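J.: Before we start, here is the structure in question, set down as structure tokens.
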Amino acid sequence: MKWLEYDSDNLLADKILNLIEESLNRDIVENGKASLLLSGGSSPLFLYSRFAELDVNWSKVFIGLVDERMVSVNSKMSNYYNIKKALRNKVISKVKFLSLIEKIDDSVENLIEINNLNKEFFGLKTLVLLGMGLDGHTASLFSNPQQAPLGLTDKEAKIISSISPSYPFKRVSHNKASLVNTKRLFLYIKGSEKRAVFNSATKAKTPIAYFINQNNPELMVFWTK
């Protein structure tokens, strides 16, 4: 695990954006395409709003979601909706941006469809950007004994259903096996509270702890106040 801290959101964003640009362009040159999984939440939206500044052939890039709430893609609670808005037309008009919601009224059918449509993201990805909640969860992998074996220890890369302790309760998420199948694994967190949660994760055995000692790829943590 590598810890990197910055004095401002702008400095942190500059560093991550440089690494994202470098990673995407390398994969496009080597493989003809690149893939990127993004986390939701309010913190990284500023980062995504600056993707348009990057010198990347977005028509060669697949962007997917780390996880999603079971809400309409037009809902303001939707990660898809908020990330799409942040990415702006310059990126969205070219990139292949995939949703995790296809059948909003049937969670079983939705899971079948999104696992089929998002197969691109089960292979080796260019980069995965994680976030973390104050309870130590990442993606929609929560400290629920019934979910942990599937989401955190299953060896097959897949998208799973999960239950959040907060509304909206129904979620879908890439499992750990899928999230760590990437060339670069980033965690973006802000504030002293989240720093404390992260530092106590191994002892508390929260979901993010399963990623801290990840060696291949190494987890890179980007933190700002």
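If you're wondering about the labels, chains in the structure tokens are A, B, ... by order shown, residues count from 1 in each chain, ligands from 1 in order shown.
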Extract, using only C-alpha atoms, all DNA, RNA and protein residues at most 12 Å from region 175-178 of chain A, discarding same-chain residues fewer than 6 positions from it, and format them as a PDB file with C-alpha atoms, in the first residue's frame.
T.:
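Now in result_19.pdb:
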ATOM      1  CA  LEU A  37     -14.100   1.835 -13.349  1.00  0.00           C
ATOM      2  CA  LEU A  65     -19.211   1.981 -12.481  1.00  0.00           C
ATOM      3  CA  VAL A  66     -17.689   0.384  -9.404  1.00  0.00           C
ATOM      4  CA  ASP A  67     -21.190   0.152  -7.941  1.00  0.00           C
ATOM      5  CA  ASN A 115     -23.187  -9.113 -15.760  1.00  0.00           C
ATOM      6  CA  ASN A 118     -20.310  -5.372 -18.390  1.00  0.00           C
ATOM      7  CA  LYS A 119     -18.106  -8.347 -19.309  1.00  0.00           C
ATOM      8  CA  GLU A 120     -15.534  -5.860 -20.607  1.00  0.00           C
ATOM      9  CA  PHE A 121     -14.772  -4.962 -16.998  1.00  0.00           C
ATOM     10  CA  PHE A 122     -14.185  -8.484 -15.668  1.00  0.00           C
ATOM     11  CA  GLY A 123     -10.877  -8.792 -17.499  1.00  0.00           C
ATOM     12  CA  LEU A 124      -7.691  -6.893 -16.707  1.00  0.00           C
ATOM     13  CA  LYS A 125      -8.668  -3.228 -16.466  1.00  0.00           C
ATOM     14  CA  LEU A 127      -7.508   1.529 -13.683  1.00  0.00           C
ATOM     15  CA  VAL A 128     -10.057   1.282 -10.870  1.00  0.00           C
ATOM     16  CA  LEU A 130     -12.364   3.346  -5.288  1.00  0.00           C
ATOM     17  CA  HIS A 137     -17.109   0.051   3.154  1.00  0.00           C
ATOM     18  CA  THR A 138     -15.852   0.425  -0.411  1.00  0.00           C
ATOM     19  CA  ALA A 139     -17.877   0.016  -3.599  1.00  0.00           C
ATOM     20  CA  SER A 140     -21.141  -1.458  -2.260  1.00  0.00           C
ATOM     21  CA  LEU A 141     -19.300  -4.059  -0.199  1.00  0.00           C
ATOM     22  CA  PHE A 142     -20.525  -3.662   3.343  1.00  0.00           C
ATOM     23  CA  GLN A 147     -22.585 -10.648   1.918  1.00  0.00           C
ATOM     24  CA  ALA A 148     -18.868 -10.681   2.805  1.00  0.00           C
ATOM     25  CA  PRO A 149     -18.096 -14.230   1.563  1.00  0.00           C
ATOM     26  CA  LEU A 150     -19.500 -13.425  -1.885  1.00  0.00           C
ATOM     27  CA  GLY A 151     -18.342  -9.844  -2.277  1.00  0.00           C
ATOM     28  CA  LEU A 152     -14.916  -9.984  -0.663  1.00  0.00           C
ATOM     29  CA  THR A 153     -13.644 -13.554  -0.935  1.00  0.00           C
ATOM     30  CA  ASP A 154     -15.219 -15.052  -4.069  1.00  0.00           C
ATOM     31  CA  LYS A 155     -12.478 -15.725  -6.657  1.00  0.00           C
ATOM     32  CA  GLU A 156     -14.667 -15.193  -9.745  1.00  0.00           C
ATOM     33  CA  ALA A 157     -14.974 -11.633 -11.052  1.00  0.00           C
ATOM     34  CA  LYS A 158     -18.631 -10.627 -11.187  1.00  0.00           C
ATOM     35  CA  ILE A 159     -21.204  -8.002 -10.287  1.00  0.00           C
ATOM     36  CA  ILE A 160     -23.275  -8.871  -7.237  1.00  0.00           C
ATOM     37  CA  SER A 161     -26.317  -7.532  -5.431  1.00  0.00           C
ATOM     38  CA  SER A 162     -25.894  -6.097  -1.938  1.00  0.00           C
ATOM     39  CA  LEU A 185      -5.924   0.446  -8.064  1.00  0.00           C
ATOM     40  CA  PRO A 207     -14.335  -4.149   3.855  1.00  0.00           C
ATOM     41  CA  ILE A 208     -11.600  -1.704   2.805  1.00  0.00           C
ATOM     42  CA  ALA A 209      -9.130  -3.783   4.854  1.00  0.00           C
ATOM     43  CA  TYR A 210      -9.369  -6.512   2.212  1.00  0.00           C
ATOM     44  CA  PHE A 211      -7.759  -4.096  -0.267  1.00  0.00           C
ATOM     45  CA  ILE A 212      -5.048  -2.547   1.938  1.00  0.00           C
ATOM     46  CA  GLN A 214      -3.295  -5.944  -1.976  1.00  0.00           C
ATOM     47  CA  ASN A 216      -0.774  -6.966  -7.315  1.00  0.00           C
ATOM     48  CA  PRO A 217      -1.861  -4.336  -7.971  1.00  0.00           C
TER      49      PRO A 217
END
J.: Would you mind listing what lies within 7 Å of region 88-94 of chain A as a ChimeraX atom specification, with only C-alpha atoms counted and same-chain residues fewer than 6 positions away left out?
T.: /A:49,52,58-59
J.: Pick out the closest residue to Lys84 (chain A) from this set: A:Leu129, A:Ile104, A:Met1, A:Leu38. Count only C-alpha atoms.
T.: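 Answer, going by the shortest atom-to-atom distance: A:Leu38.
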J.: Would you please work out which residue, of A:Asn18, A:Gly136, A:Ser166, A:Tyr6, is nearest to Lys203 (chain A) when using only C-alpha atoms?
T.: A:Gly136
J.: Name the residues of region 1-223 of chain A that come out as strand (DSSP E) in a backbone DSSP run; write them as a PyMOL selection string.
T.: chain A and resi 2-6+34-38+61-65+67-69+96-97+125-130+159-163+170-174+182-190+219-223
J.: Quick one: write out the picked residues with N, CA and C atoms as a compact mmCIF listing (two decimals), in the first residue's frame?
T.:
# COMPACT_ATOMS: atom_id res chain seq x y z
N LYS A 2 0.49 2.22 -0.81
CA LYS A 2 1.22 3.47 -0.87
C LYS A 2 0.28 4.62 -0.51
N TRP A 3 0.70 5.45 0.45
CA TRP A 3 -0.09 6.58 0.93
C TRP A 3 0.46 7.88 0.34
N LEU A 4 -0.41 8.65 -0.32
CA LEU A 4 -0.02 9.93 -0.91
C LEU A 4 -0.99 10.99 -0.42
N GLU A 5 -0.47 12.08 0.19
CA GLU A 5 -1.37 13.13 0.68
C GLU A 5 -1.03 14.48 0.09
N TYR A 6 -2.06 15.30 -0.05
CA TYR A 6 -1.94 16.59 -0.74
C TYR A 6 -2.63 17.68 0.08
N ALA A 34 -8.90 0.96 -23.73
CA ALA A 34 -8.60 1.07 -22.30
C ALA A 34 -9.91 1.01 -21.53
N SER A 35 -9.83 0.64 -20.25
CA SER A 35 -11.05 0.52 -19.43
C SER A 35 -10.82 1.12 -18.05
N LEU A 36 -11.88 1.75 -17.56
CA LEU A 36 -11.79 2.51 -16.32
C LEU A 36 -13.07 2.32 -15.52
N LEU A 37 -12.94 1.92 -14.25
CA LEU A 37 -14.10 1.83 -13.35
C LEU A 37 -14.05 3.00 -12.37
N LEU A 38 -15.17 3.72 -12.26
CA LEU A 38 -15.24 4.90 -11.41
C LEU A 38 -16.23 4.71 -10.27
N VAL A 61 -12.08 4.27 -25.16
CA VAL A 61 -12.15 4.03 -23.71
C VAL A 61 -13.53 3.52 -23.29
N PHE A 62 -13.54 2.49 -22.45
CA PHE A 62 -14.75 2.01 -21.79
C PHE A 62 -14.73 2.53 -20.35
N ILE A 63 -15.82 3.18 -19.94
CA ILE A 63 -15.95 3.61 -18.54
C ILE A 63 -17.15 2.89 -17.93
N GLY A 64 -16.92 2.28 -16.78
CA GLY A 64 -17.99 1.62 -16.05
C GLY A 64 -18.05 2.12 -14.63
N LEU A 65 -18.99 1.58 -13.87
CA LEU A 65 -19.21 1.98 -12.48
C LEU A 65 -18.75 0.90 -11.52
N ASP A 67 -19.95 0.62 -8.54
CA ASP A 67 -21.19 0.15 -7.94
C ASP A 67 -22.30 1.12 -8.27
N GLU A 68 -23.54 0.74 -7.90
CA GLU A 68 -24.68 1.59 -8.20
C GLU A 68 -25.83 1.32 -7.24
N ARG A 69 -26.66 2.33 -7.04
CA ARG A 69 -27.91 2.18 -6.31
C ARG A 69 -28.98 1.68 -7.28
N LYS A 96 -17.41 5.06 -24.26
CA LYS A 96 -18.42 4.01 -24.07
C LYS A 96 -18.68 3.91 -22.57
N PHE A 97 -19.78 4.51 -22.11
CA PHE A 97 -20.10 4.60 -20.69
C PHE A 97 -21.24 3.66 -20.38
N LYS A 125 -8.29 -4.62 -16.18
CA LYS A 125 -8.67 -3.23 -16.47
C LYS A 125 -7.45 -2.31 -16.43
N THR A 126 -7.63 -1.13 -17.01
CA THR A 126 -6.57 -0.13 -16.98
C THR A 126 -6.42 0.46 -15.59
N LEU A 127 -7.56 0.85 -14.98
CA LEU A 127 -7.51 1.53 -13.68
C LEU A 127 -8.87 1.44 -13.00
N VAL A 128 -8.85 1.27 -11.69
CA VAL A 128 -10.06 1.28 -10.87
C VAL A 128 -9.89 2.34 -9.79
N LEU A 129 -10.87 3.22 -9.67
CA LEU A 129 -10.84 4.27 -8.65
C LEU A 129 -11.91 3.97 -7.60
N LEU A 130 -11.47 3.66 -6.40
CA LEU A 130 -12.36 3.35 -5.29
C LEU A 130 -12.61 4.56 -4.40
N ILE A 159 -20.42 -9.06 -10.94
CA ILE A 159 -21.20 -8.00 -10.29
C ILE A 159 -22.24 -8.70 -9.42
N ILE A 160 -22.38 -8.24 -8.20
CA ILE A 160 -23.27 -8.87 -7.24
C ILE A 160 -24.31 -7.87 -6.73
N SER A 161 -25.35 -8.39 -6.12
CA SER A 161 -26.32 -7.53 -5.43
C SER A 161 -25.89 -7.41 -3.98
N SER A 162 -26.22 -6.29 -3.35
CA SER A 162 -25.89 -6.10 -1.94
C SER A 162 -26.94 -5.21 -1.29
N ILE A 163 -26.89 -5.17 0.02
CA ILE A 163 -27.84 -4.35 0.79
C ILE A 163 -27.06 -3.34 1.62
N LYS A 170 -31.10 -1.21 -1.76
CA LYS A 170 -30.68 -2.17 -2.78
C LYS A 170 -29.55 -1.59 -3.61
N ARG A 171 -28.46 -2.37 -3.76
CA ARG A 171 -27.30 -1.92 -4.53
C ARG A 171 -26.81 -3.06 -5.43
N VAL A 172 -25.99 -2.69 -6.40
CA VAL A 172 -25.24 -3.67 -7.18
C VAL A 172 -23.78 -3.20 -7.19
N SER A 173 -22.86 -4.16 -7.24
CA SER A 173 -21.45 -3.79 -7.09
C SER A 173 -20.54 -4.83 -7.72
N HIS A 174 -19.44 -4.38 -8.30
CA HIS A 174 -18.37 -5.31 -8.65
C HIS A 174 -17.84 -5.90 -7.35
N THR A 182 -6.94 -5.31 -12.12
CA THR A 182 -6.65 -4.05 -12.78
C THR A 182 -5.15 -3.75 -12.68
N LYS A 183 -4.66 -2.96 -13.61
CA LYS A 183 -3.25 -2.60 -13.59
C LYS A 183 -2.96 -1.57 -12.50
N ARG A 184 -3.92 -0.69 -12.25
CA ARG A 184 -3.75 0.31 -11.19
C ARG A 184 -5.01 0.38 -10.34
N LEU A 185 -4.82 0.42 -9.02
CA LEU A 185 -5.92 0.45 -8.06
C LEU A 185 -5.75 1.66 -7.16
N PHE A 186 -6.66 2.63 -7.28
CA PHE A 186 -6.58 3.87 -6.52
C PHE A 186 -7.73 3.95 -5.51
N LEU A 187 -7.44 4.57 -4.37
CA LEU A 187 -8.47 4.92 -3.39
C LEU A 187 -8.37 6.41 -3.13
N TYR A 188 -9.49 7.13 -3.28
CA TYR A 188 -9.53 8.58 -3.11
C TYR A 188 -10.39 8.89 -1.89
N ILE A 189 -9.78 9.47 -0.84
CA ILE A 189 -10.53 9.82 0.37
C ILE A 189 -10.17 11.23 0.83
N LYS A 190 -11.12 11.83 1.56
CA LYS A 190 -10.93 13.19 2.05
C LYS A 190 -11.26 13.29 3.53
N LEU A 219 -2.38 -1.06 -3.78
CA LEU A 219 -3.35 0.00 -3.55
C LEU A 219 -2.64 1.32 -3.33
N MET A 220 -3.00 2.33 -4.12
CA MET A 220 -2.46 3.67 -3.95
C MET A 220 -3.57 4.55 -3.37
N VAL A 221 -3.31 5.10 -2.18
CA VAL A 221 -4.29 5.92 -1.47
C VAL A 221 -3.96 7.39 -1.65
N PHE A 222 -4.93 8.16 -2.15
CA PHE A 222 -4.79 9.58 -2.35
C PHE A 222 -5.68 10.29 -1.33
N TRP A 223 -5.06 11.09 -0.46
CA TRP A 223 -5.81 11.74 0.63
C TRP A 223 -5.56 13.24 0.63
J.: Per DSSP on the backbone, what are the alpha helix (DSSP H) residues of region 91-220 of chain A, as an MDAnalysis selection string?
T.: chainID A and resid 91:92 107:117 148:153 176:179 192:199 201:204 209:212
J.: Selected residues, N, CA, C and O atoms, written as a short mmCIF file (atom, residue, chain, number, x, y, z; two decimals), in the first residue's frame, please.
T.:
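What landed in out_17.cif:
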data_model
loop_
_atom_site.label_atom_id
_atom_site.label_comp_id
_atom_site.auth_asym_id
_atom_site.auth_seq_id
_atom_site.Cartn_x
_atom_site.Cartn_y
_atom_site.Cartn_z
N VAL A 91 -16.47 14.40 -23.27
CA VAL A 91 -16.09 13.02 -22.99
C VAL A 91 -17.25 12.07 -23.29
O VAL A 91 -17.08 11.05 -23.98
N ILE A 92 -18.43 12.38 -22.79
CA ILE A 92 -19.59 11.50 -22.91
C ILE A 92 -19.96 11.22 -24.36
O ILE A 92 -20.41 10.12 -24.71
N SER A 107 -34.68 -6.95 -9.81
CA SER A 107 -33.27 -6.99 -9.42
C SER A 107 -32.57 -8.25 -9.89
O SER A 107 -31.38 -8.23 -10.19
N VAL A 108 -33.30 -9.36 -9.99
CA VAL A 108 -32.70 -10.62 -10.45
C VAL A 108 -32.35 -10.52 -11.93
O VAL A 108 -31.23 -10.83 -12.35
N GLU A 109 -33.29 -10.08 -12.74
CA GLU A 109 -33.05 -9.91 -14.18
C GLU A 109 -32.01 -8.83 -14.44
O GLU A 109 -31.20 -8.95 -15.36
N ASN A 110 -32.04 -7.80 -13.61
CA ASN A 110 -31.06 -6.73 -13.78
C ASN A 110 -29.65 -7.27 -13.58
O ASN A 110 -28.73 -6.95 -14.35
N LEU A 111 -29.47 -8.10 -12.58
CA LEU A 111 -28.14 -8.66 -12.29
C LEU A 111 -27.66 -9.52 -13.45
O LEU A 111 -26.48 -9.47 -13.83
N ILE A 112 -28.55 -10.30 -14.03
CA ILE A 112 -28.19 -11.13 -15.17
C ILE A 112 -27.75 -10.27 -16.35
O ILE A 112 -26.71 -10.52 -16.98
N GLU A 113 -28.52 -9.23 -16.64
CA GLU A 113 -28.23 -8.38 -17.79
C GLU A 113 -26.94 -7.59 -17.62
O GLU A 113 -26.14 -7.50 -18.55
N ILE A 114 -26.74 -7.03 -16.43
CA ILE A 114 -25.55 -6.18 -16.28
C ILE A 114 -24.27 -7.01 -16.22
O ILE A 114 -23.21 -6.55 -16.64
N ASN A 115 -24.37 -8.24 -15.72
CA ASN A 115 -23.19 -9.11 -15.76
C ASN A 115 -22.81 -9.45 -17.20
O ASN A 115 -21.63 -9.57 -17.53
N ASN A 116 -23.82 -9.56 -18.06
CA ASN A 116 -23.56 -9.82 -19.47
C ASN A 116 -23.03 -8.58 -20.18
O ASN A 116 -22.04 -8.63 -20.91
N LEU A 117 -23.65 -7.43 -19.94
CA LEU A 117 -23.29 -6.20 -20.64
C LEU A 117 -21.95 -5.63 -20.19
O LEU A 117 -21.29 -4.91 -20.93
N ALA A 148 -20.33 -10.70 2.86
CA ALA A 148 -18.87 -10.68 2.81
C ALA A 148 -18.26 -11.87 2.04
O ALA A 148 -17.36 -11.66 1.23
N PRO A 149 -18.72 -13.11 2.28
CA PRO A 149 -18.10 -14.23 1.56
C PRO A 149 -18.19 -14.09 0.05
O PRO A 149 -17.25 -14.43 -0.67
N LEU A 150 -19.31 -13.57 -0.45
CA LEU A 150 -19.50 -13.43 -1.88
C LEU A 150 -18.75 -12.22 -2.43
O LEU A 150 -18.02 -12.31 -3.40
N GLY A 151 -18.91 -11.07 -1.76
CA GLY A 151 -18.34 -9.84 -2.28
C GLY A 151 -16.85 -9.68 -2.08
O GLY A 151 -16.18 -9.08 -2.91
N LEU A 152 -16.31 -10.24 -1.02
CA LEU A 152 -14.92 -9.98 -0.66
C LEU A 152 -13.99 -11.19 -0.83
O LEU A 152 -12.77 -11.01 -0.92
N THR A 153 -14.52 -12.38 -0.87
CA THR A 153 -13.64 -13.55 -0.93
C THR A 153 -13.89 -14.45 -2.14
O THR A 153 -13.07 -15.32 -2.42
N LYS A 176 -14.79 -7.92 -5.07
CA LYS A 176 -13.36 -7.64 -4.93
C LYS A 176 -12.55 -8.30 -6.05
O LYS A 176 -11.61 -7.70 -6.59
N ALA A 177 -12.90 -9.52 -6.41
CA ALA A 177 -12.16 -10.22 -7.46
C ALA A 177 -12.13 -9.43 -8.75
O ALA A 177 -11.13 -9.42 -9.47
N SER A 178 -13.22 -8.75 -9.06
CA SER A 178 -13.26 -7.91 -10.25
C SER A 178 -12.49 -6.61 -10.05
O SER A 178 -11.72 -6.19 -10.92
N LEU A 179 -12.67 -5.98 -8.91
CA LEU A 179 -12.05 -4.68 -8.65
C LEU A 179 -10.53 -4.74 -8.65
O LEU A 179 -9.87 -3.80 -9.07
N SER A 192 -10.15 14.17 7.89
CA SER A 192 -9.52 13.48 9.02
C SER A 192 -10.33 12.27 9.49
O SER A 192 -9.75 11.27 9.94
N GLU A 193 -11.67 12.33 9.37
CA GLU A 193 -12.49 11.20 9.80
C GLU A 193 -12.20 9.97 8.95
O GLU A 193 -12.03 8.86 9.48
N LYS A 194 -12.14 10.15 7.65
CA LYS A 194 -11.88 9.00 6.77
C LYS A 194 -10.46 8.49 6.94
O LYS A 194 -10.20 7.29 6.82
N ARG A 195 -9.54 9.40 7.22
CA ARG A 195 -8.17 8.95 7.47
C ARG A 195 -8.14 8.04 8.69
O ARG A 195 -7.47 7.00 8.68
N ALA A 196 -8.86 8.41 9.73
CA ALA A 196 -8.91 7.59 10.95
C ALA A 196 -9.57 6.25 10.68
O ALA A 196 -9.12 5.21 11.17
N VAL A 197 -10.64 6.26 9.89
CA VAL A 197 -11.33 5.01 9.53
C VAL A 197 -10.39 4.10 8.76
O VAL A 197 -10.31 2.89 9.02
N PHE A 198 -9.67 4.67 7.81
CA PHE A 198 -8.73 3.87 7.01
C PHE A 198 -7.62 3.28 7.89
O PHE A 198 -7.27 2.11 7.76
N ASN A 199 -7.09 4.10 8.79
CA ASN A 199 -5.98 3.65 9.65
C ASN A 199 -6.40 2.53 10.60
O ASN A 199 -5.56 1.73 11.02
N ALA A 201 -8.79 0.29 9.80
CA ALA A 201 -9.53 -0.69 9.02
C ALA A 201 -9.08 -2.13 9.26
O ALA A 201 -9.91 -3.03 9.38
N THR A 202 -7.79 -2.35 9.32
CA THR A 202 -7.29 -3.72 9.47
C THR A 202 -7.72 -4.31 10.81
O THR A 202 -8.18 -5.45 10.89
N LYS A 203 -7.60 -3.51 11.86
CA LYS A 203 -8.01 -3.97 13.19
C LYS A 203 -9.52 -4.18 13.25
O LYS A 203 -10.01 -5.15 13.85
N ALA A 204 -10.28 -3.26 12.61
CA ALA A 204 -11.74 -3.33 12.65
C ALA A 204 -12.30 -4.35 11.65
O ALA A 204 -13.48 -4.68 11.70
N ALA A 209 -10.32 -3.07 4.38
CA ALA A 209 -9.13 -3.78 4.85
C ALA A 209 -8.71 -4.88 3.89
O ALA A 209 -7.53 -5.22 3.79
N TYR A 210 -9.67 -5.45 3.16
CA TYR A 210 -9.37 -6.51 2.21
C TYR A 210 -8.53 -6.01 1.03
O TYR A 210 -7.95 -6.80 0.30
N PHE A 211 -8.48 -4.69 0.85
CA PHE A 211 -7.76 -4.10 -0.27
C PHE A 211 -6.42 -3.49 0.16
O PHE A 211 -5.57 -3.23 -0.68
N ILE A 212 -6.23 -3.27 1.46
CA ILE A 212 -5.05 -2.55 1.94
C ILE A 212 -3.76 -3.31 1.67
O ILE A 212 -2.75 -2.72 1.26
#
J.: Between A:Lys60, A:Lys103, A:Lys85, A:Arg50, which has the minimum distance to Ser72 (chain A) (counting only C-alpha atoms)?
T.: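 For Ser72 (chain A), the nearest of the given residues is A:Lys103.
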J.: Find the residues around Ser42 (chain A) up to 10 Å (only C-alpha atoms counted), leave out those fewer than 5 positions away in its own chain, and share them as a PyMOL selection string.
T.: chain A and resi 79+82-83
J.: Rank A:Leu45, A:Val56, A:Ala13, A:Ala86 by their smallest atom-to-atom distance to Asn25 (chain A), using only C-alpha atoms, and report the top residue only.
T.: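 Among the listed residues, A:Val56 lies closest to Asn25 (chain A).
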